[in-house]
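Student: The structure is given below, and queries will be raised subsequently.
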Amino acid sequence: MLTNTDGYQFEKIAAQRPDLIIGLYSGITQADYDTLSKIAPTIAQPKGGIDWGISWQDNIRTVGKAVGRSAAAEKVVTDVEGKVAAAKAANPRFAGQTAVVAAQYEGYYVYGSQDPRGRLLTDLGFSLPPGIDELTGKEFGVSLSKERTDLLDVGAIVWLVDKYDTEKAKIHGDPLYAKLKVKTEGRDIFLETGEQLSGATSFISALSLPYLVDNLVPQLAAAADGDPATVVERAPNPAPSAS
């Protein structure tokens with residue numbers, strides 16, 4: 001079994017005899033690119049941006065151009081941006097509040113404004129905590145020191161966790177986190193790896209965004225409604241379609 005630390009399996013990629021290799025949302029190095037380009041024309045992440053940081057709009061527009069479907073790609077962008085804008089307009093309370101997506105990695109890991117997860121929140125009207133981008137620098141996220149746990153005290157926080165009950169209890173049991181209003185006022189949302197909503201949040205695209213608007217936005221609205229009595233219900237995890 002391969003893992004995300006094994007690197008690119010060039011022989012297996014070549015065995016697929018691809019006509020085009022797309023690595024826009026990636027961290028392809030120059031050496032990787034040189035090797036992949038010998039297999040097939042390769043599109044890597046944009047120059048000047050951060051690895052794993054391309055916006056979903058630039059992603060689909062670039063792919064659309066590469067396969068001669070620019071008009072179709074642009075329609076998808078327009079439709080999805082309209083759905084996100086409608087969700088923002090329907091939730092004016094998000095404006096003026098901070099929010100962040102976080103995970104447990106080398107402590108607490110948060111995603112910055114150049115990461116698709118951070119962009120989703122700002123597209124919905126939230127702001128990221130002040131100082132996040134100074135910490136992330138040229139990376140898509142950063143592990144916080146215990147001294148900066150205060151950056152997690154936001155209007156709403158989305159936790160990406162491996163096990164819902166176990167990691168929720170662990171995070172809530174952290175003495176530093178337990179003192180924050182985001183915890184005491186029930187503003188945190190937990191998404192478990194393997195569930196559709198977690199996958200859609202972790203890998204944001206034109207395909208996953210409509211699902212996020214329908215399923216994650218209601219949780220964000222409950223978390224950020226200003227009423228500590230509001231319970232943030234765990235989202236359903238529908239079975240994969242058989243089609």
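Numbering starts fresh at 1 for the residues of each chain in the structure tokens, the chains themselves are lettered A, B, ... in the order given, and ligands are numbered from 1 as they appear.
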What are the closest atom pairs, with distances in Å to one decimal, for each residue of region 146-183 of chain A lying within 12 Å of region 91-95 of chain A, using only C-alpha atoms, rows by chain and rising residue number, as a tab-separated table?

Tutor:
```
residue	atom	partner	partner_atom	distance
A:Val154	CA	A:Phe94	CA	11.4
A:Gly155	CA	A:Phe94	CA	8.4
A:Ala156	CA	A:Phe94	CA	9.2
```

Student: So that I can check the surroundings of region 191-196 of chain A, please list as an MDAnalysis selection string every protein, DNA and RNA residue that reaches within 7 Å of it, counting only C-alpha atoms and ignoring chain neighbours fewer than 5 positions away.

Tutor: chainID A and resid 159:164 237

Student: Just N, CA, C and O atoms for this one: save the residues we selected as a compact mmCIF listing (two decimals), in the first residue's frame.

Tutor:
```
# COMPACT_ATOMS: atom_id res chain seq x y z
N TRP A 159 -12.57 21.44 13.17
CA TRP A 159 -11.49 20.49 13.46
C TRP A 159 -11.58 19.30 12.51
O TRP A 159 -12.64 18.68 12.38
N LEU A 160 -10.47 18.97 11.86
CA LEU A 160 -10.36 17.75 11.06
C LEU A 160 -9.67 16.71 11.93
O LEU A 160 -8.49 16.85 12.27
N VAL A 161 -10.39 15.66 12.32
CA VAL A 161 -9.87 14.68 13.27
C VAL A 161 -9.98 13.27 12.68
O VAL A 161 -10.83 13.00 11.84
N ASP A 162 -9.11 12.38 13.16
CA ASP A 162 -9.15 10.99 12.71
C ASP A 162 -10.31 10.22 13.33
O ASP A 162 -10.96 9.42 12.67
N LYS A 163 -10.55 10.44 14.63
CA LYS A 163 -11.63 9.77 15.35
C LYS A 163 -12.45 10.80 16.10
O LYS A 163 -11.92 11.53 16.95
N TYR A 164 -13.73 10.88 15.80
CA TYR A 164 -14.58 11.94 16.32
C TYR A 164 -14.58 11.97 17.86
O TYR A 164 -14.17 12.98 18.46
N ASN A 237 -23.59 11.31 7.63
CA ASN A 237 -22.58 10.78 6.72
C ASN A 237 -23.25 9.78 5.79
O ASN A 237 -23.27 8.57 6.06
```

Student: Could you give me the residues within region 33-186 of chain A that DSSP places in strand (DSSP E), as a PyMOL selection string?

Tutor: chain A and resi 42-44+99-104+108-111+141-144+156-161

Student: The selected residues should be written to file as an mmCIF file, in the first residue's frame (atoms: N, CA, C and O atoms).

Tutor:
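Writing done, so here's selection34.cif:
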```cif
data_model
loop_
_atom_site.group_PDB
_atom_site.id
_atom_site.type_symbol
_atom_site.label_atom_id
_atom_site.label_comp_id
_atom_site.auth_asym_id
_atom_site.auth_seq_id
_atom_site.Cartn_x
_atom_site.Cartn_y
_atom_site.Cartn_z
ATOM 1 N N THR A 42 2.869 17.787 -18.578
ATOM 2 C CA THR A 42 2.558 17.894 -17.150
ATOM 3 C C THR A 42 2.243 19.332 -16.773
ATOM 4 O O THR A 42 2.953 20.256 -17.176
ATOM 5 N N ILE A 43 1.191 19.513 -15.996
ATOM 6 C CA ILE A 43 0.833 20.829 -15.469
ATOM 7 C C ILE A 43 1.074 20.799 -13.969
ATOM 8 O O ILE A 43 0.383 20.082 -13.234
ATOM 9 N N ALA A 44 2.034 21.579 -13.505
ATOM 10 C CA ALA A 44 2.360 21.627 -12.079
ATOM 11 C C ALA A 44 1.683 22.821 -11.419
ATOM 12 O O ALA A 44 0.970 23.595 -12.062
ATOM 13 N N ALA A 99 -12.763 32.774 12.019
ATOM 14 C CA ALA A 99 -12.949 31.329 11.946
ATOM 15 C C ALA A 99 -11.649 30.718 11.444
ATOM 16 O O ALA A 99 -10.821 31.396 10.830
ATOM 17 N N VAL A 100 -11.483 29.433 11.686
ATOM 18 C CA VAL A 100 -10.265 28.753 11.247
ATOM 19 C C VAL A 100 -10.543 27.262 11.120
ATOM 20 O O VAL A 100 -11.433 26.725 11.791
ATOM 21 N N VAL A 101 -9.815 26.618 10.207
ATOM 22 C CA VAL A 101 -9.820 25.155 10.100
ATOM 23 C C VAL A 101 -8.521 24.663 10.729
ATOM 24 O O VAL A 101 -7.444 25.210 10.464
ATOM 25 N N ALA A 102 -8.623 23.637 11.579
ATOM 26 C CA ALA A 102 -7.456 23.166 12.327
ATOM 27 C C ALA A 102 -7.426 21.642 12.373
ATOM 28 O O ALA A 102 -8.418 20.966 12.086
ATOM 29 N N ALA A 103 -6.258 21.121 12.722
ATOM 30 C CA ALA A 103 -6.073 19.676 12.870
ATOM 31 C C ALA A 103 -5.033 19.444 13.962
ATOM 32 O O ALA A 103 -4.368 20.382 14.416
ATOM 33 N N GLN A 104 -4.920 18.195 14.383
ATOM 34 C CA GLN A 104 -3.879 17.842 15.347
ATOM 35 C C GLN A 104 -2.668 17.299 14.585
ATOM 36 O O GLN A 104 -2.713 16.194 14.051
ATOM 37 N N TYR A 108 -1.261 21.735 17.551
ATOM 38 C CA TYR A 108 -2.430 22.187 16.811
ATOM 39 C C TYR A 108 -1.964 22.859 15.528
ATOM 40 O O TYR A 108 -1.130 23.756 15.545
ATOM 41 N N TYR A 109 -2.532 22.414 14.414
ATOM 42 C CA TYR A 109 -2.135 22.903 13.097
ATOM 43 C C TYR A 109 -3.290 23.695 12.508
ATOM 44 O O TYR A 109 -4.433 23.232 12.496
ATOM 45 N N VAL A 110 -3.019 24.901 12.023
ATOM 46 C CA VAL A 110 -4.070 25.738 11.437
ATOM 47 C C VAL A 110 -3.713 26.074 9.998
ATOM 48 O O VAL A 110 -2.545 26.164 9.627
ATOM 49 N N TYR A 111 -4.741 26.264 9.188
ATOM 50 C CA TYR A 111 -4.574 26.545 7.759
ATOM 51 C C TYR A 111 -4.751 28.040 7.495
ATOM 52 O O TYR A 111 -5.680 28.666 8.005
ATOM 53 N N GLY A 141 -0.036 26.207 5.996
ATOM 54 C CA GLY A 141 -0.480 26.172 7.384
ATOM 55 C C GLY A 141 0.699 26.151 8.324
ATOM 56 O O GLY A 141 1.861 26.181 7.889
ATOM 57 N N VAL A 142 0.413 26.097 9.621
ATOM 58 C CA VAL A 142 1.489 26.145 10.603
ATOM 59 C C VAL A 142 1.038 25.468 11.893
ATOM 60 O O VAL A 142 -0.146 25.496 12.243
ATOM 61 N N SER A 143 1.983 24.836 12.568
ATOM 62 C CA SER A 143 1.722 24.282 13.897
ATOM 63 C C SER A 143 1.911 25.385 14.932
ATOM 64 O O SER A 143 2.925 26.082 14.926
ATOM 65 N N LEU A 144 0.937 25.536 15.810
ATOM 66 C CA LEU A 144 0.986 26.593 16.812
ATOM 67 C C LEU A 144 1.745 26.130 18.051
ATOM 68 O O LEU A 144 1.607 24.986 18.483
ATOM 69 N N ALA A 156 -15.842 30.519 15.122
ATOM 70 C CA ALA A 156 -16.150 29.125 14.758
ATOM 71 C C ALA A 156 -14.859 28.451 14.341
ATOM 72 O O ALA A 156 -14.023 29.047 13.659
ATOM 73 N N ILE A 157 -14.694 27.216 14.762
ATOM 74 C CA ILE A 157 -13.502 26.454 14.380
ATOM 75 C C ILE A 157 -13.935 25.090 13.859
ATOM 76 O O ILE A 157 -14.830 24.452 14.419
ATOM 77 N N VAL A 158 -13.325 24.680 12.756
ATOM 78 C CA VAL A 158 -13.596 23.369 12.154
ATOM 79 C C VAL A 158 -12.384 22.496 12.402
ATOM 80 O O VAL A 158 -11.296 22.779 11.906
ATOM 81 N N TRP A 159 -12.570 21.437 13.167
ATOM 82 C CA TRP A 159 -11.489 20.490 13.456
ATOM 83 C C TRP A 159 -11.578 19.298 12.511
ATOM 84 O O TRP A 159 -12.638 18.678 12.378
ATOM 85 N N LEU A 160 -10.468 18.966 11.860
ATOM 86 C CA LEU A 160 -10.357 17.752 11.060
ATOM 87 C C LEU A 160 -9.665 16.705 11.930
ATOM 88 O O LEU A 160 -8.485 16.849 12.269
ATOM 89 N N VAL A 161 -10.395 15.660 12.317
ATOM 90 C CA VAL A 161 -9.865 14.677 13.265
ATOM 91 C C VAL A 161 -9.980 13.273 12.682
ATOM 92 O O VAL A 161 -10.834 12.997 11.835
#
```

Student: Can you pull out every residue from region 29-79 of chain A that DSSP, working from the backbone, puts in helix (DSSP H, G or I), and format the result as a PyMOL selection string?

Tutor: chain A and resi 30-39+56-66+70-79
